[in-house]
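The structure appears right after this line, and notes come after that.
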Amino acid sequence: MQKKLLDYLEIEKENHLMQLIDLLKIPTISSDSKFNSAMKRGATWLQNHIKEIGFNNVTIIENRDKVKNINPPVISANKKGHPIVYGEWLEAGPNAKTILIYGHYDVQPVDPINLWETLPFEPTIRNGKIYARGSSDDKGQFFCHLKALEAHMKLFGKLPVNVKILLEGEEESDSSLDEFIINNKELLKCDYAVISDTEWIAPDTPSICYALRGIAYVEVKVTGPNRDLHSGTFGGAVDNPIQVLASMISKLKDEHGKITIPNFYDDVLELTEEERNEFKKLPFNEENYKKDLGVAALNGEAGYSTLERTWARPSLDVHGITGGYTGEGAKTVLPSWASAKISSRIVPHQKPNEISKKIADYLRDIAPPTVKVEVDELHYGGPVLVNRHGEGITAAIKAFKKAFNTQKVVFMREGGSIPIVTVFENELNAPSILMGFGLPDDNIHSPNESFALENFFGGIRTAAIFYDLLK
Ligand code: BES
Ligand code: ZN
């Protein structure tokens, strides 16, 4: 059975790559409304593709106020944002497992475009990789599952398990998929959620991710005088909001890299000695890491290694500061206001809404009486820690070994976030299997994003074997 699958997938390689190229050409940037029609095109492309594979009830759940009823089942409206694509094949019967495959077809913006060697939506193959925005994050990765299931369908006329496919178009911006899940629990009921949207620790080292950081994001605005002022007339007497904000920001961390917000670390789950030892054994080279980033030295929380800092310790970063005059030449303005976008990557068992509140309260507390402070919570997602044992994970390890012809499969954590995982856990009671196919040098969210062809083809093989093992 598996031999048949692998032989078939070998023959279909070129064909699969051509199809991925087609999908990658659609500029599905969710955060920019100029691309709304591309988002629709992307959803329709996927709907047609999933239908052709042989899935049933393949539906696009449109944005806003539209209620789609398909019978059965009933899908209620997705209140805002970009379309969701849903499809199912439930003919494996009530005793077979049901797997929910999640992926996101939206991608990050492409700026700075001038740093791309080839255009982000003109997929190009070089150095054994396919270069395009979304190639690794996440179109290339979830497409592996579609091709694997198609192989089962073509060869055997059926799937080894019941499958529900859920693809969203808002992961990279402000996802409303949680509402959809809460409103459609019966529809999405499953034994496991399977997600390929993470990276390996190193090439040739298939990695299963067992923890993700969450995120709490705020925007703070500091307002001083009621209008922009002349810095000659008023400078020295009126506090400058940009400098006030800079000073507030500098108080968020101390010189040991500790976040100074009161009670910030209260719920942080400490790493076990066992995990720390496992991290040390992983193929991670700090010298190469620095070289790749072009930095002479690293900096972070004292007492923790780089992998510990990025995977299992909370961090806090300022993403942008706005205010005053940034145009050409000199303008002697004492600005009326300044604002900053700030987020914290949080770890189990910190809660995103509580952390946003702690950040907001602290910023208000440390602000001088010369300014007014407003804090908005932009979005957040919870941290994840999945059980490493169980049938699903065991099947994923076996599948990786067979598909990549290696005994070397490792467990790792990730510093990034996939907010929907906690929703699967809390609302559907479904554990997630994070079997990613990306590599650390895929440049996700950066110019020249790529996906290694070996990982694309190997990812398809992995998924094909994985579903077979679950039957
Ligand atoms: N695929 C990433 C998550 C990820 C990042 C996994 C790095 C492994 C390594 C995902 O698409 C992503 O970027 N998520 C956002 C979520 C945020 C917008 C709430 C993130 O982590 O910034
Ligand atoms: Zn992603």
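Going through the structure tokens in order, the chains are called A, B, and so on, while each chain numbers its residues from 1 and the ligands are numbered from 1 in the order shown.
Residues in contact with Leu146 in chain A at 9 Å, where only C-alpha atoms are counted and same-chain residues fewer than 3 positions away are skipped, are listed as His49, Ile50, Ile53, Phe142, Phe143, Leu149, Glu150, Ala151, Ile165, Ile460 and Ala463 of chain A.
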Who sits within 12 Å of Gly87 in chain A, only C-alpha atoms, same chain under 3 positions skipped, as JSON, numbers by chain: {"A": [43, 46, 47, 48, 49, 50, 51, 52, 53, 54, 55, 56, 57, 58, 59, 60, 61, 70, 73, 75, 84, 90, 99, 100, 101, 102, 146, 162, 163, 164, 165, 166, 167, 187, 188]}
Chain A near ligand 1 within 7 Å: what's each residue's closest atom pair and its distance in Å to one decimal, counting only C-alpha atoms and all ligand atoms, ordered by chain then ascending residue number, as a Markdown table?
```
| residue | atom | partner | partner_atom_place_in_ligand_line | distance |
| --- | --- | --- | --- | --- |
| A:Asp137 | CA | ligand 1 | 1 (N) | 5.3 |
| A:Asp138 | CA | ligand 1 | 1 (N) | 6.4 |
| A:Glu171 | CA | ligand 1 | 11 (O) | 6.2 |
| A:Glu172 | CA | ligand 1 | 18 (C) | 4.7 |
| A:Ser173 | CA | ligand 1 | 18 (C) | 5.6 |
| A:Asp197 | CA | ligand 1 | 1 (N) | 4.6 |
| A:Thr198 | CA | ligand 1 | 8 (C) | 3.9 |
| A:Glu199 | CA | ligand 1 | 8 (C) | 5.3 |
| A:Ile215 | CA | ligand 1 | 19 (C) | 6.3 |
| A:His379 | CA | ligand 1 | 19 (C) | 6.9 |
| A:Tyr380 | CA | ligand 1 | 19 (C) | 6.0 |
| A:Gly381 | CA | ligand 1 | 19 (C) | 6.0 |
| A:Glu414 | CA | ligand 1 | 8 (C) | 5.5 |
| A:Gly415 | CA | ligand 1 | 7 (C) | 6.2 |
| A:Gly416 | CA | ligand 1 | 5 (C) | 3.9 |
| A:Ser417 | CA | ligand 1 | 21 (O) | 3.7 |
| A:Ile418 | CA | ligand 1 | 14 (N) | 5.2 |
| A:Pro419 | CA | ligand 1 | 19 (C) | 6.0 |
```
Output for the residues just chosen: N, CA and C atoms as a JSON list (two decimals), in the first residue's frame:
```
[["chain", "number", "residue", "atom", "x", "y", "z"],
["A", 137, "ASP", "N", 5.15, 29.34, 4.09],
["A", 137, "ASP", "CA", 4.18, 29.81, 5.09],
["A", 137, "ASP", "C", 2.94, 30.34, 4.40],
["A", 138, "ASP", "N", 1.91, 29.55, 4.08],
["A", 138, "ASP", "CA", 1.80, 28.17, 4.48],
["A", 138, "ASP", "C", 1.30, 27.33, 3.30],
["A", 171, "GLU", "N", -4.98, 34.21, 8.84],
["A", 171, "GLU", "CA", -4.04, 33.86, 9.92],
["A", 171, "GLU", "C", -3.00, 34.94, 10.13],
["A", 172, "GLU", "N", -2.58, 35.56, 9.02],
["A", 172, "GLU", "CA", -1.49, 36.53, 9.11],
["A", 172, "GLU", "C", -1.99, 37.93, 9.49],
["A", 173, "SER", "N", -3.28, 38.12, 9.57],
["A", 173, "SER", "CA", -3.74, 39.46, 9.96],
["A", 173, "SER", "C", -4.57, 39.34, 11.24],
["A", 197, "ASP", "N", 2.63, 23.98, 9.56],
["A", 197, "ASP", "CA", 2.87, 25.43, 9.47],
["A", 197, "ASP", "C", 4.05, 25.81, 10.36],
["A", 198, "THR", "N", 4.97, 24.86, 10.53],
["A", 198, "THR", "CA", 6.13, 25.10, 11.40],
["A", 198, "THR", "C", 7.40, 24.64, 10.67],
["A", 199, "GLU", "N", 8.52, 24.87, 11.33],
["A", 199, "GLU", "CA", 9.83, 24.59, 10.71],
["A", 199, "GLU", "C", 10.56, 23.47, 11.42],
["A", 215, "ILE", "N", 0.74, 35.20, 21.82],
["A", 215, "ILE", "CA", 1.09, 36.61, 21.60],
["A", 215, "ILE", "C", 0.03, 37.53, 22.21],
["A", 379, "HIS", "N", -4.48, 42.30, 18.89],
["A", 379, "HIS", "CA", -4.95, 40.91, 18.82],
["A", 379, "HIS", "C", -4.05, 40.01, 19.64],
["A", 380, "TYR", "N", -4.55, 38.85, 19.90],
["A", 380, "TYR", "CA", -3.73, 37.94, 20.69],
["A", 380, "TYR", "C", -4.10, 36.49, 20.45],
["A", 381, "GLY", "N", -3.18, 35.61, 20.84],
["A", 381, "GLY", "CA", -3.41, 34.18, 20.72],
["A", 381, "GLY", "C", -2.69, 33.48, 21.85],
["A", 414, "GLU", "N", 8.65, 26.07, 19.18],
["A", 414, "GLU", "CA", 8.77, 27.19, 18.24],
["A", 414, "GLU", "C", 8.52, 28.48, 18.99],
["A", 415, "GLY", "N", 9.15, 29.55, 18.53],
["A", 415, "GLY", "CA", 8.89, 30.85, 19.15],
["A", 415, "GLY", "C", 7.69, 31.57, 18.56],
["A", 416, "GLY", "N", 7.29, 31.18, 17.34],
["A", 416, "GLY", "CA", 6.17, 31.82, 16.66],
["A", 416, "GLY", "C", 4.84, 31.33, 17.23],
["A", 417, "SER", "N", 3.76, 31.86, 16.65],
["A", 417, "SER", "CA", 2.43, 31.56, 17.20],
["A", 417, "SER", "C", 1.49, 31.04, 16.12],
["A", 418, "ILE", "N", 0.65, 30.11, 16.47],
["A", 418, "ILE", "CA", -0.46, 29.70, 15.60],
["A", 418, "ILE", "C", -1.69, 29.72, 16.50],
["A", 419, "PRO", "N", -2.33, 30.90, 16.57],
["A", 419, "PRO", "CA", -3.35, 31.12, 17.59],
["A", 419, "PRO", "C", -4.50, 30.11, 17.58]]
```
Å distance separating CA of Pro120 in chain A from CA of Ala132 in chain A, one decimal place: 4.6 Å
Tell me which protein, DNA and RNA residues are within 10 Å of Glu286 in chain A, counting only C-alpha atoms, leaving out same-chain ones fewer than 3 positions away, and put them as a ChimeraX atom specification. /A:283,289-292,297-298,305-307
Report the residues of range 102-290 of chain A whose backbone DSSP state falls under helix (DSSP H, G or I), written as a PyMOL selection string. chain A and resi 113-115+139-156+177-183+185-188+231-234+241-250+273-281+286-290
In terms of only C-alpha atoms and all ligand atoms, the residue from A:His319, A:Lys189, A:His104, A:His349 at minimal distance from ligand 2 is A:His104
Looking at only C-alpha atoms and all ligand atoms, which of A:Pro348, A:Gly103, A:Gly232, A:Gly327 is the one that sits closest to ligand 2?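 The answer is A:Gly103, which sits nearest to ligand 2.
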Let's see if you can do this: from backbone DSSP, list all strand (DSSP E or B) residues in range 293-438 of chain A, as a ChimeraX atom specification. /A:315-323,333-334,337-346,372-381,384-385,410-414,432-435,438
Within 10 Å of Ser37 in chain A using only C-alpha atoms, minus same-chain residues under 2 positions, as a ChimeraX atom specification: /A:26-28,33-35,39-43,82
Next, dump the selected residues to file, keeping only all heavy atoms, as an mmCIF file, in the first residue's frame.
```cif
data_model
loop_
_atom_site.group_PDB
_atom_site.id
_atom_site.type_symbol
_atom_site.label_atom_id
_atom_site.label_comp_id
_atom_site.auth_asym_id
_atom_site.auth_seq_id
_atom_site.Cartn_x
_atom_site.Cartn_y
_atom_site.Cartn_z
ATOM 1 N N ILE A 26 -1.139 33.446 -6.894
ATOM 2 C CA ILE A 26 -2.263 34.293 -6.446
ATOM 3 C C ILE A 26 -1.825 35.102 -5.224
ATOM 4 O O ILE A 26 -1.454 34.532 -4.204
ATOM 5 C CB ILE A 26 -3.496 33.423 -6.112
ATOM 6 C CG1 ILE A 26 -3.779 32.434 -7.255
ATOM 7 C CG2 ILE A 26 -4.715 34.301 -5.839
ATOM 8 C CD1 ILE A 26 -4.874 31.422 -6.958
ATOM 9 N N PRO A 27 -1.831 36.435 -5.325
ATOM 10 C CA PRO A 27 -1.278 37.261 -4.240
ATOM 11 C C PRO A 27 -2.254 37.430 -3.065
ATOM 12 O O PRO A 27 -2.858 38.482 -2.874
ATOM 13 C CB PRO A 27 -1.004 38.602 -4.928
ATOM 14 C CG PRO A 27 -1.985 38.668 -6.047
ATOM 15 C CD PRO A 27 -2.264 37.249 -6.487
ATOM 16 N N THR A 28 -2.356 36.406 -2.260
ATOM 17 C CA THR A 28 -3.347 36.402 -1.178
ATOM 18 C C THR A 28 -2.808 37.078 0.090
ATOM 19 O O THR A 28 -2.602 36.438 1.109
ATOM 20 C CB THR A 28 -3.765 34.952 -0.866
ATOM 21 O OG1 THR A 28 -2.569 34.167 -0.745
ATOM 22 C CG2 THR A 28 -4.646 34.377 -1.945
ATOM 23 N N SER A 33 -6.367 45.498 1.874
ATOM 24 C CA SER A 33 -7.658 45.320 1.195
ATOM 25 C C SER A 33 -7.527 45.412 -0.333
ATOM 26 O O SER A 33 -8.430 44.984 -1.047
ATOM 27 C CB SER A 33 -8.677 46.335 1.713
ATOM 28 O OG SER A 33 -8.162 47.632 1.537
ATOM 29 N N LYS A 34 -6.414 45.935 -0.813
ATOM 30 C CA LYS A 34 -6.202 45.951 -2.277
ATOM 31 C C LYS A 34 -6.203 44.523 -2.845
ATOM 32 O O LYS A 34 -6.415 44.321 -4.030
ATOM 33 C CB LYS A 34 -4.830 46.580 -2.598
ATOM 34 C CG LYS A 34 -4.824 48.092 -2.534
ATOM 35 C CD LYS A 34 -3.686 48.694 -3.365
ATOM 36 C CE LYS A 34 -2.290 48.409 -2.841
ATOM 37 N NZ LYS A 34 -2.019 49.023 -1.507
ATOM 38 N N PHE A 35 -5.940 43.562 -1.973
ATOM 39 C CA PHE A 35 -5.835 42.175 -2.449
ATOM 40 C C PHE A 35 -7.090 41.348 -2.148
ATOM 41 O O PHE A 35 -7.059 40.129 -2.245
ATOM 42 C CB PHE A 35 -4.584 41.516 -1.849
ATOM 43 C CG PHE A 35 -3.314 42.144 -2.345
ATOM 44 C CD1 PHE A 35 -2.739 43.206 -1.663
ATOM 45 C CD2 PHE A 35 -2.719 41.709 -3.517
ATOM 46 C CE1 PHE A 35 -1.579 43.814 -2.129
ATOM 47 C CE2 PHE A 35 -1.557 42.309 -4.001
ATOM 48 C CZ PHE A 35 -0.992 43.365 -3.296
ATOM 49 N N MET A 39 -7.840 37.345 -2.670
ATOM 50 C CA MET A 39 -8.214 36.428 -1.596
ATOM 51 C C MET A 39 -9.363 35.531 -2.074
ATOM 52 O O MET A 39 -9.378 34.328 -1.838
ATOM 53 C CB MET A 39 -8.647 37.192 -0.339
ATOM 54 C CG MET A 39 -7.544 37.965 0.361
ATOM 55 S SD MET A 39 -6.140 36.964 0.899
ATOM 56 C CE MET A 39 -6.911 35.827 2.031
ATOM 57 N N LYS A 40 -10.327 36.159 -2.766
ATOM 58 C CA LYS A 40 -11.465 35.373 -3.276
ATOM 59 C C LYS A 40 -11.010 34.379 -4.329
ATOM 60 O O LYS A 40 -11.467 33.238 -4.371
ATOM 61 C CB LYS A 40 -12.504 36.311 -3.914
ATOM 62 C CG LYS A 40 -13.235 37.087 -2.876
ATOM 63 C CD LYS A 40 -14.597 37.531 -3.342
ATOM 64 C CE LYS A 40 -15.274 38.009 -2.091
ATOM 65 N NZ LYS A 40 -16.468 38.680 -2.178
ATOM 66 N N ARG A 41 -10.099 34.845 -5.190
ATOM 67 C CA ARG A 41 -9.597 33.952 -6.232
ATOM 68 C C ARG A 41 -8.869 32.768 -5.608
ATOM 69 O O ARG A 41 -9.009 31.633 -6.050
ATOM 70 C CB ARG A 41 -8.641 34.716 -7.155
ATOM 71 C CG ARG A 41 -9.245 34.988 -8.517
ATOM 72 C CD ARG A 41 -8.203 35.488 -9.505
ATOM 73 N NE ARG A 41 -7.552 36.697 -9.022
ATOM 74 C CZ ARG A 41 -6.245 36.927 -9.086
ATOM 75 N NH1 ARG A 41 -5.440 36.018 -9.616
ATOM 76 N NH2 ARG A 41 -5.735 38.047 -8.636
ATOM 77 N N GLY A 42 -8.093 33.058 -4.565
ATOM 78 C CA GLY A 42 -7.359 31.993 -3.871
ATOM 79 C C GLY A 42 -8.316 30.973 -3.288
ATOM 80 O O GLY A 42 -8.138 29.754 -3.437
ATOM 81 N N ALA A 43 -9.376 31.476 -2.643
ATOM 82 C CA ALA A 43 -10.352 30.576 -2.019
ATOM 83 C C ALA A 43 -11.042 29.720 -3.082
ATOM 84 O O ALA A 43 -11.229 28.509 -2.903
ATOM 85 C CB ALA A 43 -11.368 31.387 -1.226
ATOM 86 N N HIS A 82 -11.885 37.409 5.510
ATOM 87 C CA HIS A 82 -11.712 36.679 4.255
ATOM 88 C C HIS A 82 -12.334 35.286 4.315
ATOM 89 O O HIS A 82 -12.485 34.716 5.376
ATOM 90 C CB HIS A 82 -10.232 36.582 3.946
ATOM 91 C CG HIS A 82 -9.592 37.925 3.787
ATOM 92 N ND1 HIS A 82 -9.942 38.788 2.779
ATOM 93 C CD2 HIS A 82 -8.666 38.568 4.531
ATOM 94 C CE1 HIS A 82 -9.237 39.899 2.899
ATOM 95 N NE2 HIS A 82 -8.461 39.798 3.955
#
```
